[in-house]
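Containing TSV, C-alpha atoms: data-v8.tsv.
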```tsv
chain	number	residue	atom	x	y	z
A	26	MET	CA	82.55	92.21	112.73
A	27	THR	CA	85.69	92.59	110.61
A	28	ASP	CA	86.29	89.85	108.06
A	29	HIS	CA	89.89	88.71	108.49
A	30	THR	CA	89.78	86.05	105.76
A	31	GLY	CA	93.07	86.16	103.88
A	32	ARG	CA	95.08	87.82	106.68
A	33	ALA	CA	96.94	84.57	107.38
A	34	GLY	CA	98.00	84.48	103.72
A	35	LEU	CA	99.32	88.04	103.98
A	36	GLU	CA	101.27	87.13	107.11
A	37	LYS	CA	102.77	84.10	105.34
A	38	ASP	CA	103.79	86.27	102.38
A	39	GLU	CA	105.47	88.78	104.69
A	40	LEU	CA	107.41	86.07	106.51
A	41	TYR	CA	108.62	84.68	103.17
A	42	ALA	CA	109.54	88.18	101.96
A	43	VAL	CA	111.68	88.93	105.03
A	44	ALA	CA	113.34	85.51	104.69
A	45	ARG	CA	114.22	86.35	101.06
A	46	GLU	CA	115.90	89.59	102.18
A	47	PHE	CA	118.16	87.65	104.52
A	48	ASP	CA	118.88	85.17	101.71
A	49	GLN	CA	119.87	88.01	99.38
A	50	LEU	CA	122.33	89.41	101.90
A	51	ARG	CA	123.75	85.93	102.49
A	52	VAL	CA	124.51	85.62	98.76
A	53	GLN	CA	126.48	88.89	98.90
A	54	ILE	CA	128.59	87.77	101.87
A	55	THR	CA	131.28	85.29	100.87
A	56	VAL	CA	133.98	83.46	102.78
A	57	PRO	CA	137.37	84.62	101.45
A	58	GLN	CA	139.71	81.82	100.41
A	59	ALA	CA	142.75	84.08	100.12
A	60	PRO	CA	143.64	87.60	101.32
A	61	SER	CA	143.01	88.88	97.80
A	62	ASP	CA	139.34	87.81	98.20
A	63	LEU	CA	138.74	90.10	101.18
A	64	PRO	CA	136.08	92.75	100.61
A	65	ASP	CA	137.25	96.33	100.94
A	66	LEU	CA	136.10	98.44	103.86
A	67	VAL	CA	133.43	100.20	101.77
A	68	THR	CA	131.82	96.90	100.78
A	69	ALA	CA	132.08	95.58	104.34
A	70	SER	CA	130.49	98.77	105.69
A	71	ARG	CA	127.59	98.47	103.27
A	72	GLN	CA	127.05	94.83	104.18
A	73	LEU	CA	127.08	95.62	107.88
A	74	ALA	CA	124.61	98.47	107.31
A	75	ALA	CA	122.34	96.12	105.35
A	76	LEU	CA	122.50	93.55	108.14
A	77	THR	CA	121.72	96.20	110.74
A	78	GLY	CA	118.72	97.28	108.68
A	79	LEU	CA	117.41	93.72	108.48
A	80	VAL	CA	117.70	93.25	112.24
A	81	LYS	CA	115.75	96.49	112.67
A	82	ASP	CA	113.14	95.18	110.23
A	83	LEU	CA	112.58	92.18	112.50
A	84	SER	CA	111.88	94.42	115.48
A	85	ASP	CA	109.62	96.63	113.36
A	86	GLU	CA	107.59	93.59	112.28
A	87	VAL	CA	107.15	92.62	115.94
A	88	LEU	CA	106.25	96.18	117.00
A	89	PHE	CA	103.64	96.52	114.24
A	90	ARG	CA	101.83	93.42	115.49
A	91	ALA	CA	102.40	93.94	119.21
A	92	VAL	CA	100.42	97.20	119.18
A	93	ASP	CA	97.57	95.74	117.10
A	94	GLU	CA	94.60	95.27	119.43
A	95	ASP	CA	92.19	93.72	116.95
A	96	PRO	CA	90.13	91.28	119.04
A	97	GLY	CA	89.75	88.91	116.08
A	98	LEU	CA	93.47	88.35	115.55
A	99	ASP	CA	96.16	86.65	117.61
A	100	PHE	CA	99.61	87.42	116.22
A	101	GLY	CA	101.37	85.14	118.70
A	102	PRO	CA	102.63	82.64	116.09
A	103	VAL	CA	103.89	85.44	113.82
A	104	ILE	CA	105.51	87.44	116.61
A	105	GLY	CA	107.12	84.22	117.84
A	106	ALA	CA	108.64	83.67	114.39
A	107	TYR	CA	110.18	87.14	114.22
A	108	THR	CA	111.50	87.10	117.80
A	109	SER	CA	112.98	83.62	117.29
A	110	ALA	CA	114.66	84.79	114.08
A	111	ALA	CA	116.16	87.72	116.00
A	112	VAL	CA	118.43	85.31	117.89
A	113	PRO	CA	120.49	84.09	114.89
A	114	ALA	CA	120.20	87.59	113.36
A	115	GLY	CA	121.86	88.99	116.49
A	116	ARG	CA	124.59	86.37	116.26
A	117	ALA	CA	125.14	87.35	112.62
A	118	MET	CA	125.60	90.97	113.76
A	119	GLU	CA	128.08	89.91	116.43
A	120	ASN	CA	130.08	87.76	114.03
A	121	TYR	CA	130.11	90.40	111.31
A	122	THR	CA	131.29	93.11	113.69
A	123	GLU	CA	134.15	90.83	114.80
A	124	ALA	CA	135.20	90.48	111.15
A	125	TYR	CA	134.67	94.22	110.64
A	126	ALA	CA	137.23	95.00	113.32
A	127	GLN	CA	139.76	92.90	111.40
A	128	PHE	CA	138.97	94.80	108.18
A	129	GLY	CA	139.78	97.98	110.07
A	130	PHE	CA	143.06	96.55	111.33
A	131	LEU	CA	144.10	95.41	107.85
A	132	ARG	CA	143.24	98.81	106.39
A	133	ARG	CA	145.18	100.63	109.10
A	134	PHE	CA	148.36	98.65	108.54
A	135	ALA	CA	148.01	98.11	104.79
A	136	GLU	CA	151.05	100.31	104.02
A	137	ALA	CA	153.09	99.68	107.18
A	138	PRO	CA	156.68	98.43	106.76
A	139	ASP	CA	156.74	94.66	106.45
A	140	SER	CA	157.89	92.57	109.39
A	141	ALA	CA	157.45	89.04	110.68
A	142	ASP	CA	155.14	90.25	113.45
A	143	LEU	CA	152.97	92.19	111.01
A	144	ARG	CA	152.78	89.22	108.66
A	145	ASP	CA	151.61	87.05	111.57
A	146	ALA	CA	149.06	89.67	112.62
A	147	ARG	CA	147.71	89.95	109.07
A	148	ALA	CA	147.45	86.16	108.78
A	149	SER	CA	145.64	86.00	112.11
A	150	ALA	CA	143.22	88.75	111.03
A	151	PHE	CA	142.52	86.92	107.78
A	152	HIS	CA	141.70	83.68	109.63
A	153	VAL	CA	139.36	85.52	111.98
A	154	VAL	CA	137.56	87.03	108.99
A	155	GLN	CA	137.27	83.61	107.34
A	156	GLU	CA	135.83	82.03	110.47
A	157	ARG	CA	133.44	84.88	111.23
A	158	MET	CA	132.14	85.20	107.67
A	159	GLU	CA	131.35	81.52	107.60
A	160	LEU	CA	129.43	81.91	110.86
A	161	VAL	CA	127.59	84.94	109.50
A	162	ARG	CA	126.42	82.93	106.51
A	163	ASP	CA	125.28	80.09	108.80
A	164	ASP	CA	123.43	82.58	111.03
A	165	LEU	CA	121.67	84.19	108.07
A	166	GLN	CA	120.63	80.76	106.81
A	167	GLU	CA	119.14	80.02	110.23
A	168	VAL	CA	117.17	83.28	110.17
A	169	SER	CA	115.76	82.40	106.78
A	170	ASP	CA	114.94	78.82	107.79
A	171	THR	CA	113.20	80.03	110.96
A	172	LEU	CA	110.99	82.50	109.09
A	173	ARG	CA	110.18	80.07	106.27
A	174	GLY	CA	109.38	77.26	108.70
A	175	ALA	CA	107.00	79.52	110.62
A	176	ALA	CA	105.32	80.61	107.39
A	177	ASP	CA	104.92	77.00	106.28
A	178	ARG	CA	103.25	76.09	109.59
A	179	LEU	CA	100.98	79.14	109.84
A	180	ASP	CA	97.39	77.97	109.45
A	181	GLY	CA	95.19	79.69	106.90
A	182	THR	CA	91.81	78.21	107.82
A	183	PRO	CA	89.26	81.03	107.41
A	184	PRO	CA	87.77	82.33	110.66
A	185	ARG	CA	84.22	81.12	109.85
A	186	VAL	CA	85.47	77.59	109.18
A	187	LEU	CA	87.65	77.74	112.29
A	188	ALA	CA	84.63	78.66	114.42
A	189	ALA	CA	82.72	75.65	113.07
A	190	LEU	CA	85.44	73.14	113.98
A	191	SER	CA	85.33	71.24	117.23
A	192	ARG	CA	87.84	72.36	119.85
A	193	SER	CA	90.03	69.30	119.28
A	194	ALA	CA	90.09	69.81	115.50
A	195	ARG	CA	91.12	73.47	115.57
A	196	PRO	CA	94.70	74.16	114.43
A	197	THR	CA	96.92	75.64	117.14
A	198	ASN	CA	99.04	77.75	114.80
A	199	SER	CA	96.33	80.12	113.64
A	200	ILE	CA	96.28	83.91	113.91
A	201	TYR	CA	92.49	83.95	114.15
A	202	ARG	CA	90.68	84.25	117.46
A	203	LEU	CA	87.27	82.73	117.84
A	204	PRO	CA	84.55	85.20	118.79
A	205	THR	CA	83.70	85.05	122.47
A	206	GLU	CA	80.37	83.43	122.98
A	207	PRO	CA	77.90	85.02	125.40
A	208	PRO	CA	77.21	82.90	128.46
A	209	ALA	CA	74.38	80.42	128.05
A	210	PRO	CA	71.14	81.72	129.56
A	211	GLY	CA	70.10	80.13	132.83
A	212	PRO	CA	66.64	78.80	133.60
A	213	VAL	CA	63.90	81.37	133.40
A	214	ARG	CA	62.64	82.38	136.83
A	215	LEU	CA	59.24	83.93	137.14
A	216	ALA	CA	58.55	86.53	139.71
A	217	TYR	CA	56.39	85.29	142.58
A	218	THR	CA	52.80	86.26	142.12
A	219	PRO	CA	50.49	85.53	145.05
A	220	ALA	CA	47.30	83.68	144.18
A	221	PRO	CA	44.20	85.89	144.08
A	222	ARG	CA	42.08	85.84	147.17
A	223	TYR	CA	38.38	85.48	146.75
A	224	GLY	CA	35.88	86.59	149.36
A	225	ARG	CA	33.60	84.09	151.05
```
Written form, structure tokens:
Amino acid sequence: MTDHTGRAGLEKDELYAVAREFDQLRVQITVPQAPSDLPDLVTASRQLAALTGLVKDLSDEVLFRAVDEDPGLDFGPVIGAYTSAAVPAGRAMENYTEAYAQFGFLRRFAEAPDSADLRDARASAFHVVQERMELVRDDLQEVSDTLRGAADRLDGTPPRVLAALSRSARPTNSIYRLPTEPPAPGPVRLAYTPAPRYGR
């Protein structure tokens, strides 16, 4: 039987590592306070690509565990963490792409002749970017909090100790499955043997 001791610790470390990657991207994404603070389209494209990559990483983490058929491991709590984190990660993608469209608009009309309508449109685009970037940062924080919270709750009780605990004392947030016990043997039944017959 495979010894899975320490696997829970590895899963915790991976959850923390993915959370850190979302934190690092969040640090790079700022809310502009003035039009001069807006990132250029190259920077915005790189940030969107990084965010897309992180969302893909979440699905890869799920896929890796979903195809694992090890009978001693139950990745339900870990898969649940990554799929739950995908919700705010998806919102972050949606909010960033809304801001990205405004970056494209501002770039397109950067050298257009000035007019009152264009000034209004630029101001509106800037406010959309401000609002969306703030939401992106909130979404990324939620992803990180979700992954960290799941890692904090993941139980690391070794499988042998887990097997020794009573059913009521076993933690519910463990990735270890208890070995299936063979059914208890029933009463032994002897085959019928007729009594010997003795002649008279």
Tell me which residues come within 10 Å of (130.5, 86.6, 106.3), as number ranges by chain, counting only C-alpha atoms in the file's coordinates. A: 50-57, 69, 72-73, 117-118, 120-122, 124-125, 154-165
Next, write the just-selected residues to a file, as a PDB file, in the coordinates of the input, keeping C-alpha atoms as the atom set.
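The result, stored in again.pdb:
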```pdb
ATOM      1  CA  LEU A  50     122.330  89.410 101.900  1.00  0.00           C
ATOM      2  CA  ARG A  51     123.750  85.930 102.490  1.00  0.00           C
ATOM      3  CA  VAL A  52     124.510  85.620  98.760  1.00  0.00           C
ATOM      4  CA  GLN A  53     126.480  88.890  98.900  1.00  0.00           C
ATOM      5  CA  ILE A  54     128.590  87.770 101.870  1.00  0.00           C
ATOM      6  CA  THR A  55     131.280  85.290 100.870  1.00  0.00           C
ATOM      7  CA  VAL A  56     133.980  83.460 102.780  1.00  0.00           C
ATOM      8  CA  PRO A  57     137.370  84.620 101.450  1.00  0.00           C
ATOM      9  CA  ALA A  69     132.080  95.580 104.340  1.00  0.00           C
ATOM     10  CA  GLN A  72     127.050  94.830 104.180  1.00  0.00           C
ATOM     11  CA  LEU A  73     127.080  95.620 107.880  1.00  0.00           C
ATOM     12  CA  ALA A 117     125.140  87.350 112.620  1.00  0.00           C
ATOM     13  CA  MET A 118     125.600  90.970 113.760  1.00  0.00           C
ATOM     14  CA  ASN A 120     130.080  87.760 114.030  1.00  0.00           C
ATOM     15  CA  TYR A 121     130.110  90.400 111.310  1.00  0.00           C
ATOM     16  CA  THR A 122     131.290  93.110 113.690  1.00  0.00           C
ATOM     17  CA  ALA A 124     135.200  90.480 111.150  1.00  0.00           C
ATOM     18  CA  TYR A 125     134.670  94.220 110.640  1.00  0.00           C
ATOM     19  CA  VAL A 154     137.560  87.030 108.990  1.00  0.00           C
ATOM     20  CA  GLN A 155     137.270  83.610 107.340  1.00  0.00           C
ATOM     21  CA  GLU A 156     135.830  82.030 110.470  1.00  0.00           C
ATOM     22  CA  ARG A 157     133.440  84.880 111.230  1.00  0.00           C
ATOM     23  CA  MET A 158     132.140  85.200 107.670  1.00  0.00           C
ATOM     24  CA  GLU A 159     131.350  81.520 107.600  1.00  0.00           C
ATOM     25  CA  LEU A 160     129.430  81.910 110.860  1.00  0.00           C
ATOM     26  CA  VAL A 161     127.590  84.940 109.500  1.00  0.00           C
ATOM     27  CA  ARG A 162     126.420  82.930 106.510  1.00  0.00           C
ATOM     28  CA  ASP A 163     125.280  80.090 108.800  1.00  0.00           C
ATOM     29  CA  ASP A 164     123.430  82.580 111.030  1.00  0.00           C
ATOM     30  CA  LEU A 165     121.670  84.190 108.070  1.00  0.00           C
TER      31      LEU A 165
END
```
For Gly105 in chain A, which residue among A:Val87, A:Leu131, A:Val92, A:Ala44 is the nearest when counting only C-alpha atoms?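 Among A:Val87, A:Leu131, A:Val92, A:Ala44, it is A:Val87 that comes nearest to Gly105 in chain A.
The spacing separating CA of Ala106 in chain A from CA of Ala74 in chain A amounts to 22.9 Å.
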In the coordinate frame of the file, compute which residues have an atom within 10 Å of (90.9, 81.6, 110.3) when using all atoms listed in the file, and state them as a PyMOL selection string. chain A and resi 28-33+97-98+180-188+195-196+199-203
Nearest residue to Leu172 in chain A out of A:Leu88, A:Leu40, A:Leu79, A:Leu190, using all atoms listed in the file? A:Leu40
Work out how far apart CA of Pro113 in chain A and CA of Glu167 in chain A are and give it in Å to one decimal. 6.3 Å
